[in-house]
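Participant: This is the structure, below, for whatever I ask next.
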Amino acid sequence: MRKGWSKTAVIAAGNAVIALLCIVLLTTGALKVLSDSLYDFNVEQTMTQAPHEDIVIIGIDSDSIREVGPYPWDRKVYAELIKQLESAGVKAIGFDIELYSESDKPESDRALADELAKHNNIVIPSHANLEDKFDRSMKVKAGELLVARSVMEPIPIFRQSVGKSHINATYDSDGVIRSNWLQINSPQGVYPSFGLAMAQLAGVDVSPYLDMPLLDGRPKSEMLIRWDAKEFDFETIPFAKVLKGGVPPQTFKDRLVLVGYTAPGSDEGVTPVEKHMHLLYAHANILNQILKQQVVLPVDKRIDFALTLLVVLLFGWMTWRLRAISGAVFVLVVVVLVFAGQYWYFAAYSKYPDIVDAVACGLLAYSGNLSMKTYFETKQKNYITKQFGRYISPDLVKEIASSEQEIQLGGISKELTIMFLDVRGFTPLSEKLKPEEVVDFLNMMFNLITERALENRGTIDKFIGDAAMILYNAPLDVPDHPYYAVKTAYEIQKGMEKVRAEVLEKYGVSISVGIGINTGDVVVGNIGSYLRVDYTAIGDNVNTAARIESNTQPNQILVSEATYELTKHAFDYRFAGEKLMKGKSVPLKLFEVLGMKDAPAWAVGPSASAKKAFI
């Protein structure tokens, strides 16, 4: 982070980068593959698998090829099929069969042409050439019909008697068929798609499909296919079985018959509902959609953008408002609700909101802001550890670092227990020691004091020569802090017994410690100037604790009446009389600590072992 930048500036800059990344995602279509996958899931999961009852498929399957003969068949076979279907009262027939060239049997071509000429309800498809061998590109103008360079049509004797249509499949960039060009313009005129041509022969009003809203960036009359059935959801009858008269004629009465290839390994495509669907069934799905008057549309892009903006702002804002776990749960719940709402909306209204951009940008905003929040929290924890690590209980340091509450470092009024401690006899001892021995002795003394204080959740405020000031209940709350303060004093005095004996034996000097304790309201926090600041406590109760210590005898612990009242259940005391302290108009009652009673249940913790060591 650049020196001098404020937290607000860093957050603003970070979110500006997040916004830029979101713009890149939205404008480049980088997430299209995920959007398409979600759309495919919606389509497949909302299928009824109950196609329109008027549609029947006559399939050129493997059994039919074995019975009728190798494919392609003599065209008299198709003429015979038409005779049977027309005599059964069929409404319309569509052949998904290419008849673009003359066969080697002219008499068979003529027989089929003669049969076609007898009827006006038959469709034979053409194929629009959208590219040529010199130019593999295809020009598309949004809002205009797709224009073919040329069209491969059935031979003249066939096409003069049948309705025209095209069988061009519309492939997305991933090779999946999700839409259909209902119309293609060409030098020979406008060609409807195979399914649309069949619906027109059925007398269905197709104008809503020709005039429906344009898909974004797509040509006019491109329709999203409402895949509603898989291959064998459609009633499918083998070609050979119909040809042999093995199907009752009433099966075809007033129905729309699609004839095409269903044998494995040919004329297949990838769709949202099947990876290998014969394209005859793709035409059947389009026809089914028009018969059922179903329309699938994406929602307005402005709605998608508004949703994306809302999710980004919500995730970014809530990241700073909630704790880490709560924020993660909130984001998860919102994402699940967005996906559930999108699915419900598609299932109910056949409209597709593209929520992938919204979710992706929202997660980007969440992760980016979470990273910044973690950075600042880590920085704050490091600062706190640096501030308090040398003079506060390690347990409290961990509690502060893991706590998400605000630590008031600027100075607050709070009830504390303050301990003052002074080593007596240090001056004559120092006269007998070398300078390095003086330092070693002080370190040994202060190690004892520090260990006992920190073990009992105290805060080392300062060492002043051979004296120390220790705080309890700051910076974090320490329940029953008077107890821990008196317990610390008692353990220090017990630990001093061994030290006194060693010093007396080695140097012939008697040393002792006097400890004074008081409980009351003080001002605690970072106090000082802009050049030097200390975390300490000030106030009358601090001065009182210092003056109590000055009234102690060697190896004595004196506490104020306030501390006594709060700890008399845990320690044995002796009333030590009243002392008129400097600046006080009323004498202060003092009590001497004589020993510890059994530790209260709530006090059993880190220092339980220490109690056993000193008793």
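By convention here, the chains of the structure tokens are called A, B, ... in the order presented, each chain's residues are numbered starting at 1, and ligands are numbered starting at 1 in the order presented.
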Set the distance at 9 Å and use only C-alpha atoms: which residues neighbour Met318 of chain A once local chain neighbours fewer than 5 positions away are removed? I'd like the list as number ranges by chain.

Facilitator: A: 313, 327, 330-331, 366

Participant: Write out as a compact mmCIF listing (two decimals) with N, CA, C and O atoms, in the first residue's frame all residues of segment 281-382 of chain A that backbone DSSP assigns to alpha helix (DSSP H).

Facilitator:
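Saved file result33.txt follows:
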# COMPACT_ATOMS: atom_id res chain seq x y z
N TYR A 281 -35.81 -34.75 -34.95
CA TYR A 281 -36.49 -34.43 -33.70
C TYR A 281 -36.28 -32.96 -33.30
O TYR A 281 -37.08 -32.43 -32.53
N ALA A 282 -35.24 -32.36 -33.81
CA ALA A 282 -35.08 -30.91 -33.60
C ALA A 282 -36.21 -30.19 -34.34
O ALA A 282 -36.83 -29.27 -33.78
N HIS A 283 -36.48 -30.60 -35.58
CA HIS A 283 -37.60 -30.01 -36.31
C HIS A 283 -38.92 -30.30 -35.59
O HIS A 283 -39.81 -29.44 -35.55
N ALA A 284 -39.04 -31.49 -35.03
CA ALA A 284 -40.26 -31.83 -34.31
C ALA A 284 -40.44 -30.94 -33.09
O ALA A 284 -41.56 -30.53 -32.76
N ASN A 285 -39.34 -30.62 -32.37
CA ASN A 285 -39.43 -29.73 -31.22
C ASN A 285 -39.85 -28.32 -31.63
O ASN A 285 -40.63 -27.67 -30.93
N ILE A 286 -39.34 -27.86 -32.77
CA ILE A 286 -39.73 -26.53 -33.25
C ILE A 286 -41.22 -26.52 -33.61
O ILE A 286 -41.95 -25.58 -33.25
N LEU A 287 -41.67 -27.55 -34.30
CA LEU A 287 -43.09 -27.65 -34.65
C LEU A 287 -43.92 -27.74 -33.39
O LEU A 287 -44.97 -27.06 -33.26
N ASN A 288 -43.50 -28.53 -32.44
CA ASN A 288 -44.22 -28.66 -31.16
C ASN A 288 -44.34 -27.31 -30.47
O ASN A 288 -45.39 -26.96 -29.92
N GLN A 289 -43.25 -26.54 -30.49
CA GLN A 289 -43.24 -25.22 -29.84
C GLN A 289 -44.26 -24.29 -30.48
O GLN A 289 -45.01 -23.59 -29.78
N ILE A 290 -44.33 -24.29 -31.79
CA ILE A 290 -45.28 -23.40 -32.47
C ILE A 290 -46.72 -23.85 -32.26
O ILE A 290 -47.62 -23.04 -32.04
N LEU A 291 -46.92 -25.17 -32.27
CA LEU A 291 -48.27 -25.68 -32.03
C LEU A 291 -48.75 -25.31 -30.64
O LEU A 291 -49.93 -25.02 -30.42
N LYS A 301 -31.67 -6.62 -21.46
CA LYS A 301 -30.30 -6.50 -20.97
C LYS A 301 -30.17 -5.48 -19.86
O LYS A 301 -29.30 -5.58 -18.99
N ARG A 302 -31.04 -4.48 -19.87
CA ARG A 302 -30.98 -3.47 -18.81
C ARG A 302 -31.36 -4.07 -17.45
O ARG A 302 -30.83 -3.65 -16.42
N ILE A 303 -32.25 -5.06 -17.47
CA ILE A 303 -32.61 -5.73 -16.23
C ILE A 303 -31.43 -6.56 -15.72
O ILE A 303 -31.12 -6.57 -14.52
N ASP A 304 -30.76 -7.27 -16.65
CA ASP A 304 -29.56 -8.02 -16.26
C ASP A 304 -28.51 -7.10 -15.65
O ASP A 304 -27.88 -7.43 -14.63
N PHE A 305 -28.32 -5.94 -16.26
CA PHE A 305 -27.30 -5.00 -15.75
C PHE A 305 -27.70 -4.46 -14.39
O PHE A 305 -26.85 -4.34 -13.49
N ALA A 306 -28.99 -4.14 -14.24
CA ALA A 306 -29.47 -3.62 -12.95
C ALA A 306 -29.28 -4.65 -11.85
O ALA A 306 -28.88 -4.33 -10.72
N LEU A 307 -29.57 -5.92 -12.16
CA LEU A 307 -29.37 -6.99 -11.19
C LEU A 307 -27.90 -7.13 -10.83
O LEU A 307 -27.54 -7.30 -9.65
N THR A 308 -27.04 -7.05 -11.83
CA THR A 308 -25.59 -7.14 -11.59
C THR A 308 -25.14 -6.01 -10.67
O THR A 308 -24.39 -6.23 -9.71
N LEU A 309 -25.58 -4.80 -10.96
CA LEU A 309 -25.19 -3.65 -10.14
C LEU A 309 -25.68 -3.81 -8.71
O LEU A 309 -24.94 -3.54 -7.75
N LEU A 310 -26.92 -4.28 -8.56
CA LEU A 310 -27.48 -4.46 -7.22
C LEU A 310 -26.68 -5.49 -6.42
O LEU A 310 -26.36 -5.27 -5.24
N VAL A 311 -26.37 -6.62 -7.04
CA VAL A 311 -25.64 -7.68 -6.33
C VAL A 311 -24.24 -7.22 -5.97
O VAL A 311 -23.75 -7.48 -4.86
N VAL A 312 -23.57 -6.51 -6.89
CA VAL A 312 -22.22 -6.02 -6.61
C VAL A 312 -22.23 -5.06 -5.42
O VAL A 312 -21.42 -5.17 -4.50
N LEU A 313 -23.15 -4.12 -5.43
CA LEU A 313 -23.23 -3.15 -4.34
C LEU A 313 -23.60 -3.84 -3.02
O LEU A 313 -23.04 -3.52 -1.97
N LEU A 314 -24.53 -4.77 -3.09
CA LEU A 314 -24.97 -5.47 -1.87
C LEU A 314 -23.83 -6.29 -1.27
O LEU A 314 -23.56 -6.22 -0.07
N PHE A 315 -23.15 -7.07 -2.11
CA PHE A 315 -22.06 -7.91 -1.61
C PHE A 315 -20.91 -7.06 -1.09
O PHE A 315 -20.31 -7.38 -0.06
N GLY A 316 -20.58 -6.00 -1.84
CA GLY A 316 -19.50 -5.14 -1.39
C GLY A 316 -19.80 -4.47 -0.07
O GLY A 316 -18.94 -4.41 0.82
N TRP A 317 -21.03 -4.01 0.10
CA TRP A 317 -21.41 -3.30 1.33
C TRP A 317 -21.50 -4.26 2.51
O TRP A 317 -20.98 -3.98 3.59
N MET A 318 -22.13 -5.42 2.30
CA MET A 318 -22.34 -6.35 3.40
C MET A 318 -21.03 -6.99 3.86
O MET A 318 -20.93 -7.44 5.00
N THR A 319 -20.04 -7.05 2.98
CA THR A 319 -18.74 -7.60 3.40
C THR A 319 -18.16 -6.81 4.56
O THR A 319 -17.56 -7.37 5.49
N TRP A 320 -18.36 -5.49 4.53
CA TRP A 320 -17.82 -4.63 5.59
C TRP A 320 -18.74 -4.58 6.81
O TRP A 320 -18.29 -4.23 7.91
N ARG A 321 -20.01 -4.93 6.62
CA ARG A 321 -20.97 -4.83 7.71
C ARG A 321 -21.02 -6.10 8.56
O ARG A 321 -21.36 -6.04 9.74
N ALA A 324 -16.81 -12.35 9.14
CA ALA A 324 -16.39 -13.21 8.03
C ALA A 324 -17.38 -14.35 7.79
O ALA A 324 -17.85 -14.56 6.67
N ILE A 325 -17.71 -15.10 8.84
CA ILE A 325 -18.60 -16.26 8.68
C ILE A 325 -20.00 -15.80 8.31
O ILE A 325 -20.64 -16.35 7.40
N SER A 326 -20.50 -14.77 8.98
CA SER A 326 -21.84 -14.26 8.67
C SER A 326 -21.89 -13.75 7.23
O SER A 326 -22.88 -13.97 6.52
N GLY A 327 -20.83 -13.08 6.79
CA GLY A 327 -20.78 -12.57 5.42
C GLY A 327 -20.79 -13.69 4.41
O GLY A 327 -21.49 -13.62 3.39
N ALA A 328 -20.02 -14.76 4.68
CA ALA A 328 -19.98 -15.89 3.74
C ALA A 328 -21.35 -16.56 3.66
O ALA A 328 -21.80 -16.93 2.57
N VAL A 329 -22.00 -16.72 4.80
CA VAL A 329 -23.34 -17.33 4.81
C VAL A 329 -24.33 -16.45 4.05
O VAL A 329 -25.15 -16.94 3.26
N PHE A 330 -24.24 -15.13 4.27
CA PHE A 330 -25.14 -14.19 3.59
C PHE A 330 -24.95 -14.30 2.08
O PHE A 330 -25.93 -14.37 1.32
N VAL A 331 -23.69 -14.29 1.62
CA VAL A 331 -23.42 -14.38 0.18
C VAL A 331 -23.95 -15.69 -0.38
O VAL A 331 -24.58 -15.71 -1.46
N LEU A 332 -23.72 -16.78 0.34
CA LEU A 332 -24.20 -18.08 -0.13
C LEU A 332 -25.73 -18.09 -0.25
O LEU A 332 -26.27 -18.57 -1.26
N VAL A 333 -26.40 -17.55 0.75
CA VAL A 333 -27.87 -17.52 0.73
C VAL A 333 -28.37 -16.67 -0.43
O VAL A 333 -29.30 -17.08 -1.16
N VAL A 334 -27.77 -15.51 -0.64
CA VAL A 334 -28.20 -14.64 -1.75
C VAL A 334 -27.98 -15.33 -3.09
O VAL A 334 -28.85 -15.29 -3.98
N VAL A 335 -26.82 -15.96 -3.27
CA VAL A 335 -26.53 -16.65 -4.54
C VAL A 335 -27.56 -17.76 -4.78
O VAL A 335 -28.08 -17.90 -5.90
N VAL A 336 -27.86 -18.54 -3.74
CA VAL A 336 -28.85 -19.61 -3.89
C VAL A 336 -30.22 -19.03 -4.24
O VAL A 336 -30.92 -19.56 -5.12
N LEU A 337 -30.59 -17.94 -3.58
CA LEU A 337 -31.88 -17.32 -3.87
C LEU A 337 -31.94 -16.78 -5.29
O LEU A 337 -32.97 -16.87 -5.97
N VAL A 338 -30.84 -16.19 -5.76
CA VAL A 338 -30.80 -15.67 -7.13
C VAL A 338 -30.97 -16.80 -8.13
O VAL A 338 -31.74 -16.69 -9.10
N PHE A 339 -30.25 -17.90 -7.92
CA PHE A 339 -30.38 -19.03 -8.84
C PHE A 339 -31.78 -19.63 -8.78
O PHE A 339 -32.37 -19.97 -9.81
N ALA A 340 -32.33 -19.75 -7.57
CA ALA A 340 -33.68 -20.31 -7.43
C ALA A 340 -34.72 -19.40 -8.08
O ALA A 340 -35.63 -19.87 -8.76
N GLY A 341 -34.55 -18.08 -7.87
CA GLY A 341 -35.48 -17.13 -8.48
C GLY A 341 -35.39 -17.14 -9.99
O GLY A 341 -36.42 -17.07 -10.69
N GLN A 342 -34.19 -17.25 -10.51
CA GLN A 342 -34.01 -17.30 -11.97
C GLN A 342 -34.68 -18.55 -12.54
O GLN A 342 -35.37 -18.48 -13.56
N TYR A 343 -34.48 -19.68 -11.88
CA TYR A 343 -35.07 -20.93 -12.37
C TYR A 343 -36.60 -20.85 -12.32
O TYR A 343 -37.28 -21.25 -13.27
N TRP A 344 -37.13 -20.34 -11.21
CA TRP A 344 -38.59 -20.23 -11.09
C TRP A 344 -39.15 -19.31 -12.18
O TRP A 344 -40.19 -19.62 -12.79
N TYR A 345 -38.48 -18.20 -12.44
CA TYR A 345 -38.97 -17.24 -13.43
C TYR A 345 -38.97 -17.87 -14.83
O TYR A 345 -39.92 -17.67 -15.61
N PHE A 346 -37.92 -18.63 -15.14
CA PHE A 346 -37.87 -19.29 -16.44
C PHE A 346 -38.97 -20.34 -16.56
O PHE A 346 -39.66 -20.43 -17.58
N ALA A 347 -39.14 -21.14 -15.51
CA ALA A 347 -40.15 -22.20 -15.55
C ALA A 347 -41.55 -21.62 -15.66
O ALA A 347 -42.41 -22.19 -16.34
N ALA A 348 -41.80 -20.48 -15.00
CA ALA A 348 -43.16 -19.91 -14.98
C ALA A 348 -43.47 -19.09 -16.23
O ALA A 348 -44.60 -19.12 -16.72
N TYR A 349 -42.47 -18.36 -16.75
CA TYR A 349 -42.76 -17.40 -17.83
C TYR A 349 -41.93 -17.63 -19.09
O TYR A 349 -42.09 -16.88 -20.05
N VAL A 356 -25.64 -15.07 -14.54
CA VAL A 356 -24.24 -15.47 -14.37
C VAL A 356 -23.35 -14.26 -14.17
O VAL A 356 -22.47 -14.24 -13.30
N ASP A 357 -23.58 -13.21 -14.98
CA ASP A 357 -22.78 -11.99 -14.82
C ASP A 357 -22.98 -11.38 -13.44
O ASP A 357 -22.03 -10.93 -12.80
N ALA A 358 -24.23 -11.37 -12.99
CA ALA A 358 -24.52 -10.79 -11.67
C ALA A 358 -23.83 -11.57 -10.56
O ALA A 358 -23.20 -10.98 -9.66
N VAL A 359 -23.91 -12.89 -10.61
CA VAL A 359 -23.29 -13.71 -9.57
C VAL A 359 -21.77 -13.60 -9.63
O VAL A 359 -21.10 -13.45 -8.59
N ALA A 360 -21.21 -13.67 -10.85
CA ALA A 360 -19.75 -13.60 -10.98
C ALA A 360 -19.21 -12.26 -10.50
O ALA A 360 -18.23 -12.20 -9.74
N CYS A 361 -19.85 -11.17 -10.91
CA CYS A 361 -19.39 -9.85 -10.48
C CYS A 361 -19.63 -9.66 -8.98
O CYS A 361 -18.83 -9.01 -8.29
N GLY A 362 -20.74 -10.21 -8.47
CA GLY A 362 -20.99 -10.12 -7.04
C GLY A 362 -19.93 -10.85 -6.24
O GLY A 362 -19.43 -10.33 -5.22
N LEU A 363 -19.56 -12.05 -6.68
CA LEU A 363 -18.51 -12.80 -5.98
C LEU A 363 -17.17 -12.10 -6.10
O LEU A 363 -16.35 -12.14 -5.17
N LEU A 364 -16.94 -11.45 -7.24
CA LEU A 364 -15.71 -10.68 -7.41
C LEU A 364 -15.67 -9.51 -6.42
O LEU A 364 -14.64 -9.24 -5.78
N ALA A 365 -16.81 -8.82 -6.27
CA ALA A 365 -16.89 -7.71 -5.32
C ALA A 365 -16.72 -8.23 -3.89
O ALA A 365 -16.04 -7.60 -3.07
N TYR A 366 -17.33 -9.39 -3.60
CA TYR A 366 -17.21 -9.95 -2.25
C TYR A 366 -15.77 -10.34 -1.94
O TYR A 366 -15.23 -9.98 -0.89
N SER A 367 -15.14 -11.09 -2.85
CA SER A 367 -13.78 -11.56 -2.60
C SER A 367 -12.80 -10.40 -2.54
O SER A 367 -11.88 -10.39 -1.72
N GLY A 368 -12.99 -9.39 -3.42
CA GLY A 368 -12.10 -8.23 -3.40
C GLY A 368 -12.22 -7.44 -2.11
O GLY A 368 -11.20 -7.08 -1.49
N ASN A 369 -13.45 -7.17 -1.69
CA ASN A 369 -13.63 -6.42 -0.44
C ASN A 369 -13.23 -7.24 0.78
O ASN A 369 -12.73 -6.70 1.76
N LEU A 370 -13.46 -8.57 0.71
CA LEU A 370 -13.03 -9.43 1.81
C LEU A 370 -11.50 -9.41 1.93
O LEU A 370 -10.96 -9.41 3.05
N SER A 371 -10.82 -9.38 0.79
CA SER A 371 -9.35 -9.32 0.82
C SER A 371 -8.88 -8.02 1.46
O SER A 371 -7.96 -8.01 2.29
N MET A 372 -9.53 -6.90 1.09
CA MET A 372 -9.15 -5.62 1.68
C MET A 372 -9.47 -5.59 3.17
O MET A 372 -8.68 -5.11 3.98
N LYS A 373 -10.63 -6.13 3.53
CA LYS A 373 -11.00 -6.16 4.94
C LYS A 373 -10.03 -7.01 5.74
O LYS A 373 -9.60 -6.63 6.84
N THR A 374 -9.65 -8.16 5.18
CA THR A 374 -8.68 -9.03 5.85
C THR A 374 -7.34 -8.33 6.02
O THR A 374 -6.69 -8.45 7.06
N TYR A 375 -6.94 -7.58 4.98
CA TYR A 375 -5.68 -6.84 5.05
C TYR A 375 -5.70 -5.84 6.20
O TYR A 375 -4.76 -5.78 7.01
N PHE A 376 -6.77 -5.07 6.29
CA PHE A 376 -6.84 -4.05 7.34
C PHE A 376 -6.96 -4.69 8.72
O PHE A 376 -6.40 -4.19 9.70
N GLU A 377 -7.71 -5.80 8.81
CA GLU A 377 -7.83 -6.48 10.09
C GLU A 377 -6.48 -7.06 10.52
O GLU A 377 -6.12 -7.00 11.70
N THR A 378 -5.76 -7.64 9.56
CA THR A 378 -4.44 -8.18 9.88
C THR A 378 -3.49 -7.07 10.31
O THR A 378 -2.72 -7.22 11.26
N LYS A 379 -3.59 -5.95 9.61
CA LYS A 379 -2.76 -4.80 9.98
C LYS A 379 -3.09 -4.33 11.40
O LYS A 379 -2.20 -4.01 12.21
N GLN A 380 -4.40 -4.29 11.72
CA GLN A 380 -4.82 -3.87 13.06
C GLN A 380 -4.35 -4.87 14.12
O GLN A 380 -3.89 -4.47 15.20
N LYS A 381 -4.45 -6.17 13.80
CA LYS A 381 -4.01 -7.18 14.75
C LYS A 381 -2.51 -7.09 14.99
O LYS A 381 -2.03 -7.22 16.11
N ASN A 382 -1.76 -6.86 13.91
CA ASN A 382 -0.32 -6.70 14.07
C ASN A 382 0.01 -5.48 14.91
O ASN A 382 0.94 -5.49 15.73

Participant: Env of segment 585-588 of chain A: 12 Å cut, atoms = only C-alpha atoms, seq-sep filter 5 positions within chain, self excluded. Answer as a VMD selection string.

Facilitator: chain A and resid 518 541 544 to 545 547 to 548 551 558 to 562 575 to 580

Participant: Now that the selection is made, can you save its residues with all heavy atoms as a tab-separated table (two decimals), in the first residue's frame?

Facilitator:
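That gives us out.tsv:
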chain	number	residue	atom	x	y	z
A	518	ASN	N	-5.45	-1.33	44.75
A	518	ASN	CA	-6.69	-0.55	44.88
A	518	ASN	C	-7.57	-0.81	43.68
A	518	ASN	O	-7.08	-1.07	42.57
A	518	ASN	CB	-6.38	0.94	45.01
A	518	ASN	CG	-7.66	1.77	45.20
A	518	ASN	OD1	-8.57	1.35	45.90
A	518	ASN	ND2	-7.71	2.93	44.57
A	541	ASN	N	-7.56	7.04	41.79
A	541	ASN	CA	-7.45	5.67	42.26
A	541	ASN	C	-6.08	5.07	41.96
A	541	ASN	O	-5.63	4.15	42.66
A	541	ASN	CB	-8.56	4.80	41.66
A	541	ASN	CG	-9.89	5.02	42.37
A	541	ASN	OD1	-9.99	4.83	43.58
A	541	ASN	ND2	-10.90	5.44	41.62
A	544	THR	N	-3.96	6.47	44.71
A	544	THR	CA	-4.26	5.77	45.97
A	544	THR	C	-3.52	4.45	46.05
A	544	THR	O	-2.97	4.09	47.10
A	544	THR	CB	-5.78	5.55	46.08
A	544	THR	OG1	-6.45	6.82	46.09
A	544	THR	CG2	-6.13	4.78	47.35
A	545	ALA	N	-3.49	3.70	44.95
A	545	ALA	CA	-2.77	2.43	44.94
A	545	ALA	C	-1.30	2.64	45.23
A	545	ALA	O	-0.67	1.86	45.98
A	545	ALA	CB	-2.97	1.73	43.59
A	547	ARG	N	0.05	5.08	46.95
A	547	ARG	CA	0.24	5.48	48.34
A	547	ARG	C	0.02	4.30	49.30
A	547	ARG	O	0.63	4.24	50.37
A	547	ARG	CB	-0.69	6.63	48.67
A	547	ARG	CG	-0.22	7.93	48.01
A	547	ARG	CD	-1.23	9.03	48.03
A	547	ARG	NE	-0.75	10.19	47.27
A	547	ARG	CZ	-1.53	11.03	46.62
A	547	ARG	NH1	-2.85	10.83	46.64
A	547	ARG	NH2	-1.03	12.05	45.96
A	548	ILE	N	-0.87	3.37	48.92
A	548	ILE	CA	-1.04	2.16	49.73
A	548	ILE	C	0.27	1.39	49.75
A	548	ILE	O	0.72	0.90	50.79
A	548	ILE	CB	-2.19	1.30	49.19
A	548	ILE	CG1	-3.54	2.01	49.39
A	548	ILE	CG2	-2.22	-0.07	49.88
A	548	ILE	CD1	-4.72	1.30	48.77
A	551	ASN	N	2.88	2.56	52.10
A	551	ASN	CA	2.59	2.32	53.51
A	551	ASN	C	2.81	0.86	53.91
A	551	ASN	O	2.53	0.48	55.06
A	551	ASN	CB	1.14	2.71	53.84
A	551	ASN	CG	0.99	4.22	54.02
A	551	ASN	OD1	1.21	4.75	55.11
A	551	ASN	ND2	0.62	4.90	52.95
A	558	LEU	N	-1.00	-4.92	51.05
A	558	LEU	CA	-2.12	-4.14	51.56
A	558	LEU	C	-3.08	-3.83	50.43
A	558	LEU	O	-2.67	-3.49	49.32
A	558	LEU	CB	-1.62	-2.84	52.20
A	558	LEU	CG	-0.82	-2.97	53.49
A	558	LEU	CD1	-0.41	-1.57	53.99
A	558	LEU	CD2	-1.62	-3.70	54.57
A	559	VAL	N	-4.37	-3.93	50.73
A	559	VAL	CA	-5.39	-3.60	49.73
A	559	VAL	C	-6.34	-2.58	50.33
A	559	VAL	O	-6.48	-2.49	51.56
A	559	VAL	CB	-6.17	-4.85	49.27
A	559	VAL	CG1	-5.23	-5.92	48.74
A	559	VAL	CG2	-7.03	-5.42	50.39
A	560	SER	N	-7.00	-1.85	49.45
A	560	SER	CA	-7.98	-0.86	49.89
A	560	SER	C	-9.27	-1.56	50.30
A	560	SER	O	-9.47	-2.76	50.04
A	560	SER	CB	-8.26	0.13	48.77
A	560	SER	OG	-8.90	-0.54	47.70
A	561	GLU	N	-10.15	-0.79	50.93
A	561	GLU	CA	-11.44	-1.35	51.33
A	561	GLU	C	-12.24	-1.83	50.13
A	561	GLU	O	-12.92	-2.85	50.19
A	561	GLU	CB	-12.23	-0.32	52.13
A	561	GLU	CG	-13.53	-0.86	52.69
A	561	GLU	CD	-14.29	0.16	53.54
A	561	GLU	OE1	-13.88	1.35	53.54
A	561	GLU	OE2	-15.26	-0.23	54.20
A	562	ALA	N	-12.14	-1.08	48.99
A	562	ALA	CA	-12.89	-1.47	47.78
A	562	ALA	C	-12.42	-2.83	47.29
A	562	ALA	O	-13.24	-3.71	46.93
A	562	ALA	CB	-12.69	-0.41	46.69
A	575	PHE	N	-7.40	-6.75	59.31
A	575	PHE	CA	-7.57	-5.30	59.23
A	575	PHE	C	-6.27	-4.63	59.72
A	575	PHE	O	-5.78	-4.88	60.81
A	575	PHE	CB	-8.76	-4.86	60.09
A	575	PHE	CG	-8.98	-3.37	60.10
A	575	PHE	CD1	-9.27	-2.68	58.93
A	575	PHE	CD2	-8.89	-2.64	61.29
A	575	PHE	CE1	-9.48	-1.31	58.94
A	575	PHE	CE2	-9.09	-1.27	61.30
A	575	PHE	CZ	-9.39	-0.60	60.12
A	576	ALA	N	-5.71	-3.79	58.85
A	576	ALA	CA	-4.40	-3.18	59.12
A	576	ALA	C	-4.54	-1.74	59.62
A	576	ALA	O	-3.53	-1.02	59.70
A	576	ALA	CB	-3.53	-3.23	57.88
A	577	GLY	N	-5.73	-1.30	59.88
A	577	GLY	CA	-5.90	0.05	60.40
A	577	GLY	C	-6.29	1.04	59.32
A	577	GLY	O	-6.54	0.69	58.17
A	578	GLU	N	-6.35	2.31	59.73
A	578	GLU	CA	-6.70	3.39	58.81
A	578	GLU	C	-5.50	4.30	58.63
A	578	GLU	O	-4.75	4.58	59.57
A	578	GLU	CB	-7.89	4.18	59.35
A	578	GLU	CG	-9.17	3.36	59.46
A	578	GLU	CD	-10.36	4.19	59.94
A	578	GLU	OE1	-10.13	5.36	60.31
A	578	GLU	OE2	-11.48	3.68	59.93
A	579	LYS	N	-5.34	4.76	57.40
A	579	LYS	CA	-4.24	5.67	57.08
A	579	LYS	C	-4.80	6.89	56.35
A	579	LYS	O	-5.62	6.75	55.43
A	579	LYS	CB	-3.22	4.98	56.18
A	579	LYS	CG	-2.53	3.77	56.81
A	579	LYS	CD	-1.54	4.19	57.89
A	579	LYS	CE	-0.80	2.97	58.43
A	579	LYS	NZ	0.18	3.34	59.47
A	580	LEU	N	-4.35	8.04	56.77
A	580	LEU	CA	-4.76	9.26	56.08
A	580	LEU	C	-3.76	9.51	54.96
A	580	LEU	O	-2.59	9.81	55.21
A	580	LEU	CB	-4.79	10.46	57.04
A	580	LEU	CG	-5.29	11.78	56.43
A	580	LEU	CD1	-6.73	11.63	55.93
A	580	LEU	CD2	-5.19	12.91	57.45

Participant: What is the atom CA of Ser62 of chain A to atom CA of Tyr261 of chain A distance in Å?

Facilitator: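 For atom CA of Ser62 of chain A relative to atom CA of Tyr261 of chain A, the distance reads 9.5 Å.
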
Participant: Got a sec: who's within 6 Å of Phe239 of chain A, counting only C-alpha atoms, leaving out chain neighbours fewer than 6 positions off, as a list of chain:residue names?

Facilitator: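 Near neighbours after the sequence-gap exclusion: A:Ile58, A:Gly59, A:Ile60, A:Ser64.
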
Participant: For those residues, write N, CA, C and O atoms to a file as a CSV table (one decimal), in the first residue's frame.

Facilitator:
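Produced file result_9.csv, reproduced below:
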chain,number,residue,atom,x,y,z
A,58,ILE,N,-42.2,-40.8,-38.5
A,58,ILE,CA,-42.0,-42.0,-39.2
A,58,ILE,C,-40.5,-42.1,-39.4
A,58,ILE,O,-39.9,-41.2,-40.2
A,59,GLY,N,-39.8,-43.0,-38.8
A,59,GLY,CA,-38.4,-43.0,-38.8
A,59,GLY,C,-37.8,-44.0,-39.7
A,59,GLY,O,-38.2,-45.2,-39.8
A,60,ILE,N,-36.7,-43.6,-40.4
A,60,ILE,CA,-35.9,-44.5,-41.3
A,60,ILE,C,-34.9,-45.0,-40.3
A,60,ILE,O,-33.8,-44.5,-40.2
A,64,SER,N,-35.8,-50.7,-40.6
A,64,SER,CA,-36.4,-50.4,-41.9
A,64,SER,C,-35.4,-50.5,-43.0
A,64,SER,O,-35.7,-51.0,-44.1
